[in-house]
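Reproduced below: structure.txt, with compact mmCIF, C-alpha atoms.
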# COMPACT_ATOMS: atom_id res chain seq x y z
CA MET T 1 98.88 206.38 111.67
CA ILE T 2 95.37 206.37 113.15
CA ASN T 3 94.88 208.69 116.09
CA ASP T 4 93.79 207.75 119.61
CA GLU T 5 90.21 208.90 119.08
CA THR T 6 89.81 206.63 116.07
CA LYS T 7 91.28 203.73 118.05
CA ARG T 8 88.80 204.42 120.85
CA LYS T 9 85.89 204.36 118.43
CA LEU T 10 87.08 201.12 116.83
CA ARG T 11 87.43 199.45 120.23
CA GLU T 12 83.97 200.69 121.20
CA LEU T 13 82.69 199.02 118.03
CA ASN T 14 84.35 195.76 119.20
CA MET T 15 87.00 196.05 116.49
CA SER T 16 90.13 195.86 118.64
CA GLU T 17 91.64 193.38 116.19
CA LEU T 18 91.51 196.05 113.49
CA VAL T 19 93.43 198.44 115.71
CA SER T 20 96.05 195.76 116.38
CA GLY T 21 96.29 194.94 112.69
CA LEU T 22 96.81 198.58 111.71
CA GLU T 23 99.39 199.10 114.44
CA LEU T 24 101.21 195.98 113.32
CA GLN T 25 101.37 197.30 109.77
CA GLN T 26 103.06 200.48 110.99
CA THR T 27 105.98 198.40 112.29
CA GLU T 28 106.63 196.78 108.90
CA PRO T 29 108.04 199.21 106.30
CA ALA T 30 107.42 196.74 103.47
CA ILE T 31 103.69 196.77 104.21
CA VAL T 32 103.49 200.55 104.70
CA SER T 33 104.75 200.99 101.13
CA LEU T 34 101.93 198.85 99.69
CA SER T 35 98.86 200.32 98.01
CA PHE T 36 95.74 201.15 100.03
CA ASP T 37 93.84 198.15 98.60
CA GLU T 38 96.68 195.76 99.44
CA ARG T 39 96.95 197.08 102.99
CA ILE T 40 93.19 196.77 103.48
CA GLN T 41 93.27 193.17 102.21
CA ARG T 42 96.06 192.29 104.62
CA VAL T 43 94.43 193.90 107.62
CA VAL T 44 91.12 192.19 106.83
CA ASP T 45 92.94 188.83 106.66
CA TYR T 46 94.55 189.61 110.01
CA VAL T 47 91.25 190.55 111.66
CA TYR T 48 89.50 187.48 110.23
CA GLN T 49 92.20 185.14 111.58
CA GLU T 50 92.21 186.81 115.00
CA LYS T 51 88.42 186.55 115.33
CA TYR T 52 88.51 182.93 114.13
CA ASN T 53 91.18 182.06 116.70
CA SER T 54 89.21 183.78 119.48
CA LYS T 55 86.04 181.91 118.54
CA ILE T 56 87.85 178.57 118.48
CA GLN T 57 89.33 179.20 121.92
CA ARG T 58 85.88 180.08 123.27
CA LEU T 59 84.41 176.89 121.80
CA ILE T 60 87.19 174.74 123.26
CA LYS T 61 86.76 176.35 126.67
CA SER T 62 82.98 175.96 126.67
CA ALA T 63 83.32 172.32 125.52
CA ARG T 64 84.94 171.50 128.90
CA LEU T 65 87.02 168.72 127.37
CA ARG T 66 88.70 166.37 129.83
CA PHE T 67 91.87 166.77 127.74
CA PRO T 68 91.69 170.19 126.06
CA GLN T 69 95.21 169.64 124.71
CA ALA T 70 94.04 166.53 122.79
CA ASP T 71 95.05 166.72 119.16
CA ILE T 72 95.08 164.43 116.13
CA HIS T 73 98.88 164.69 116.05
CA GLY T 74 99.02 163.27 119.57
CA LEU T 75 97.24 160.03 118.66
CA TYR T 76 99.25 156.83 118.98
CA TYR T 77 98.33 154.11 116.47
CA ASP T 78 101.00 151.39 116.77
CA GLY T 79 99.66 148.19 118.29
CA ARG T 80 96.15 149.54 118.84
CA HIS T 81 94.55 148.26 115.62
CA LEU T 82 92.83 151.59 115.02
CA ASP T 83 91.51 152.17 111.51
CA LYS T 84 93.56 155.24 110.57
CA ASN T 85 91.68 155.77 107.29
CA LEU T 86 88.32 155.79 109.08
CA LEU T 87 89.57 158.14 111.79
CA THR T 88 91.05 160.49 109.19
CA GLU T 89 87.68 160.61 107.45
CA LEU T 90 85.79 161.20 110.71
CA PHE T 91 88.19 163.98 111.71
CA THR T 92 86.79 166.04 108.81
CA CYS T 93 83.60 166.20 110.94
CA GLN T 94 81.32 165.36 108.04
CA TYR T 95 79.57 162.94 110.39
CA VAL T 96 78.45 165.97 112.42
CA ASP T 97 76.92 167.58 109.32
CA LEU T 98 75.12 164.28 108.64
CA HIS T 99 73.99 163.91 112.29
CA GLN T 100 75.80 160.60 112.70
CA SER T 101 77.30 159.33 115.95
CA ILE T 102 80.41 157.50 117.13
CA ILE T 103 80.91 154.82 119.77
CA LEU T 104 84.40 154.37 121.24
CA GLN T 105 84.53 151.04 123.05
CA GLY T 106 87.36 149.50 125.00
CA PRO T 107 88.63 148.60 128.48
CA THR T 108 89.77 151.09 131.10
CA GLY T 109 92.96 152.86 130.08
CA SER T 110 92.63 152.15 126.35
CA GLY T 111 92.47 155.83 125.38
CA LYS T 112 88.73 156.28 124.83
CA THR T 113 88.54 159.60 126.62
CA PHE T 114 91.54 161.08 124.83
CA LEU T 115 90.20 159.99 121.44
CA GLY T 116 86.79 161.39 122.32
CA CYS T 117 88.42 164.71 123.17
CA VAL T 118 90.25 164.65 119.84
CA PHE T 119 86.88 164.39 118.12
CA GLY T 120 85.70 167.27 120.29
CA LYS T 121 88.72 169.42 119.45
CA GLN T 122 88.27 168.79 115.71
CA ALA T 123 84.63 169.80 115.96
CA CYS T 124 85.60 173.02 117.72
CA LEU T 125 88.11 173.76 114.96
CA LYS T 126 85.22 173.39 112.51
CA GLN T 127 83.35 175.98 114.61
CA THR T 128 80.86 173.41 115.94
CA LYS T 129 79.52 173.84 119.47
CA THR T 130 80.65 170.85 121.51
CA ARG T 131 80.23 169.64 125.09
CA TYR T 132 82.01 166.89 127.02
CA VAL T 133 80.35 165.35 130.07
CA ARG T 134 80.90 162.25 132.20
CA PHE T 135 77.90 159.93 132.39
CA PRO T 136 77.76 160.02 136.23
CA ASP T 137 77.90 163.83 136.18
CA LEU T 138 75.12 163.97 133.59
CA LEU T 139 72.86 161.83 135.78
CA MET T 140 73.80 163.86 138.85
CA GLU T 141 72.92 167.10 137.09
CA TYR T 142 69.55 165.67 136.11
CA GLY T 143 68.96 164.47 139.68
CA ASP T 144 69.84 167.85 141.16
CA ALA T 145 67.41 169.49 138.72
CA SER T 146 64.53 167.61 140.36
CA LEU T 147 64.79 170.00 143.30
CA VAL T 148 63.46 172.86 141.15
CA GLN T 149 60.14 172.59 139.34
CA GLY T 150 60.56 172.50 135.57
CA GLN T 151 64.36 172.34 135.76
CA GLN T 152 64.60 168.74 134.53
CA LYS T 153 62.91 169.70 131.25
CA LYS T 154 65.45 172.49 130.87
CA ILE T 155 68.30 170.01 131.37
CA ILE T 156 66.89 167.80 128.61
CA SER T 157 66.49 170.79 126.28
CA LYS T 158 69.98 172.03 127.12
CA TYR T 159 71.73 168.81 126.16
CA ALA T 160 69.34 167.92 123.34
CA LYS T 161 70.38 170.82 121.12
CA ILE T 162 74.18 170.61 121.46
CA PRO T 163 75.49 169.74 117.95
CA LEU T 164 78.18 167.39 119.31
CA LEU T 165 77.81 165.84 122.75
CA ILE T 166 80.61 163.64 124.10
CA ILE T 167 79.43 161.32 126.89
CA ASP T 168 82.34 159.68 128.67
CA GLU T 169 82.02 156.56 130.86
CA TRP T 170 78.71 155.75 129.18
CA LEU T 171 76.62 153.33 131.30
CA VAL T 172 79.34 152.97 133.93
CA SER T 173 76.74 153.74 136.64
CA ASP T 174 73.57 151.86 137.51
CA ILE T 175 70.52 153.84 136.47
CA SER T 176 67.08 154.27 138.00
CA ASP T 177 63.77 154.29 136.13
CA SER T 178 63.73 158.09 136.30
CA GLU T 179 67.24 158.31 134.88
CA LEU T 180 66.33 155.85 132.10
CA TYR T 181 63.39 158.07 131.18
CA PHE T 182 65.78 161.04 131.06
CA LEU T 183 68.19 159.17 128.77
CA PHE T 184 65.35 158.02 126.54
CA GLU T 185 63.97 161.55 126.14
CA LEU T 186 67.43 162.99 125.59
CA MET T 187 68.48 160.43 122.98
CA GLU T 188 65.10 160.57 121.28
CA ARG T 189 65.53 164.30 120.74
CA ARG T 190 69.16 164.03 119.69
CA SER T 191 68.66 161.14 117.29
CA ASP T 192 68.87 162.20 113.61
CA SER T 193 69.33 165.88 114.49
CA THR T 194 72.68 166.00 116.34
CA SER T 195 75.78 163.87 116.86
CA THR T 196 76.93 162.02 119.98
CA VAL T 197 80.26 160.42 120.84
CA PHE T 198 79.91 157.64 123.42
CA CYS T 199 83.00 156.47 125.33
CA THR T 200 82.19 153.14 126.93
CA GLN T 201 83.57 149.86 128.22
CA TYR T 202 80.46 147.99 127.14
CA ARG T 203 79.69 146.22 123.87
CA LYS T 204 76.35 146.37 122.07
CA ASP T 205 74.94 143.30 123.79
CA ASP T 206 75.64 144.80 127.21
CA TRP T 207 73.86 148.11 126.62
CA ILE T 208 70.31 146.84 127.10
CA LYS T 209 71.34 144.82 130.16
CA ARG T 210 72.95 147.90 131.72
CA MET T 211 69.74 149.88 131.12
CA GLY T 212 67.31 147.23 132.37
CA GLU T 213 66.17 145.51 129.17
CA GLY T 214 62.98 147.57 128.88
CA ILE T 215 61.34 149.20 125.86
CA GLN T 216 63.10 152.51 126.47
CA ALA T 217 66.46 150.78 126.69
CA GLU T 218 65.78 148.94 123.43
CA ALA T 219 64.83 152.22 121.77
CA ILE T 220 68.10 153.86 122.78
CA VAL T 221 70.14 150.91 121.54
CA ASP T 222 68.17 150.79 118.29
CA ARG T 223 68.89 154.46 117.58
CA TYR T 224 72.62 154.35 118.28
CA ALA T 225 74.33 151.01 118.88
CA TYR T 226 73.58 149.64 115.40
CA SER T 227 73.95 152.76 113.26
CA ALA T 228 76.87 154.68 114.79
CA PHE T 229 80.49 154.32 113.76
CA TRP T 230 81.78 151.66 116.16
CA ILE T 231 85.48 152.02 117.00
CA GLU T 232 87.26 149.62 119.33
CA THR T 233 90.21 151.27 121.04
CA GLY T 234 92.05 147.98 121.67
CA ASN T 235 93.49 146.36 124.78
CA MET T 236 96.69 148.38 125.01
CA ASN T 237 96.86 150.33 128.28
CA MET T 238 97.61 153.87 127.09
CA ARG T 239 98.02 155.21 130.63
CA GLU T 240 100.80 152.70 131.27
CA TYR T 241 102.38 153.38 127.87
CA CYS T 242 102.36 157.15 128.37
CA ALA T 243 103.80 156.80 131.89
CA GLN T 244 106.62 154.54 130.71
CA ASN T 245 107.46 156.82 127.78
CA LYS T 246 106.89 160.06 129.75
CA ILE T 247 104.38 161.38 127.23
Turn this file's structure into structure tokens for me.
Amino acid sequence: MINDETKRKLRELNMSELVSGLELQQTEPAIVSLSFDERIQRVVDYVYQEKYNSKIQRLIKSARLRFPQADIHGLYYDGRHLDKNLLTELFTCQYVDLHQSIILQGPTGSGKTFLGCVFGKQACLKQTKTRYVRFPDLLMEYGDASLVQGQQKKIISKYAKIPLLIIDEWLVSDISDSELYFLFELMERRSDSTSTVFCTQYRKDDWIKRMGEGIQAEAIVDRYAYSAFWIETGNMNMREYCAQNKI
């Protein structure tokens, strides 16, 4: 049994999980009787799992998902015409490694946000830094940054380097020329180096119209709307379904 001084030193070295693992072993006679090498292997496995779990929880918390409880096992497929094979493939998060993007398109209540959060949760489980943000909030944050010199560039840099960015309610708000410039710069930097999940009501043809049909709007559409995985979430109202079935 390790003494209190050794425990203090381990905690000071940020190895509290090791202390917990060793204390846990002392409560299990079958483990105490194992060889030194076997006990070390087991405690290392315990520490590794604890640190992994802690990291995942930190990533999920920092992602600020609208539905942090979203999970692939909570997805409802019946009647929604979702391509289960494609989703299963995307849930491996290989698209993040390849810097590809996803567009979830469908009417209000069709489950876009929940599905987007599922993608976010899977990315966190793969230890990928993720961030969820509503489109209006993103524009508001950029607008507020104009009050401090140089802050807008920092906002662009901040969101440009996030490996997986989930933008909910994409293009739901009218945008000014300044905001279009912000989106152009942001998407230009993210294109081919990160992944973005767009949750939107609007189809490809509507994107340019929503952004003003200028060169910058065309550039954004060219980089994403024609190359991303396009997933239609169907016309089924998932809010109504969940309310009726008390899910």
Near Asp168 of chain T, counting only C-alpha atoms, which residues have an atom at most 6 Å away, once you skip same-chain residues fewer than 6 positions from it, shown as a PyMOL selection string? chain T and resi 134-135+199
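For the set T:Leu138, T:Leu22, T:Asn237, T:Gln122, the residue with the smallest atom-to-atom gap to Leu10 of chain T is T:Leu22, counting all atoms listed in the file.
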Record the distance separating atom CA of Thr27 of chain T and atom CA of Asn3 of chain T, expressed in Å with one decimal.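 Atom CA of Asn3 of chain T lies 15.6 Å from atom CA of Thr27 of chain T.
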Residues at most 9 Å from segment 172-180 of chain T, counting all atoms listed in the file, excluding those fewer than 4 positions away in the same chain, as a tab-separated table (two decimals) with C-alpha atoms, keeping the file's coordinate frame?
chain	number	residue	atom	x	y	z
T	135	PHE	CA	77.90	159.93	132.39
T	136	PRO	CA	77.76	160.02	136.23
T	139	LEU	CA	72.86	161.83	135.78
T	142	TYR	CA	69.55	165.67	136.11
T	143	GLY	CA	68.96	164.47	139.68
T	184	PHE	CA	65.35	158.02	126.54
T	185	GLU	CA	63.97	161.55	126.14
T	200	THR	CA	82.19	153.14	126.93
T	201	GLN	CA	83.57	149.86	128.22
T	202	TYR	CA	80.46	147.99	127.14
T	210	ARG	CA	72.95	147.90	131.72
T	211	MET	CA	69.74	149.88	131.12
T	212	GLY	CA	67.31	147.23	132.37
T	216	GLN	CA	63.10	152.51	126.47
T	217	ALA	CA	66.46	150.78	126.69
Nearest to Phe198 of chain T by atom-to-atom distance, counting all atoms listed in the file, from T:Ile162, T:Gln105, T:Phe114, T:Thr130: T:Gln105
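Taking only C-alpha atoms into account, the protein, DNA and RNA residues within 10 Å of (87.1, 177.2, 122.4) read Asn53, Ser54, Lys55, Ile56, Gln57, Arg58, Leu59, Ile60, Lys61, Ser62, Ala63, Arg64, Leu65, Pro68, Lys121, Cys124, Leu125, Gln127, Thr128, Lys129 and Thr130 of chain T.
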Option closest in space to Lys158 of chain T, from T:Met15, T:Leu86, T:Leu186, T:Val32 [counting only C-alpha atoms]: T:Leu186
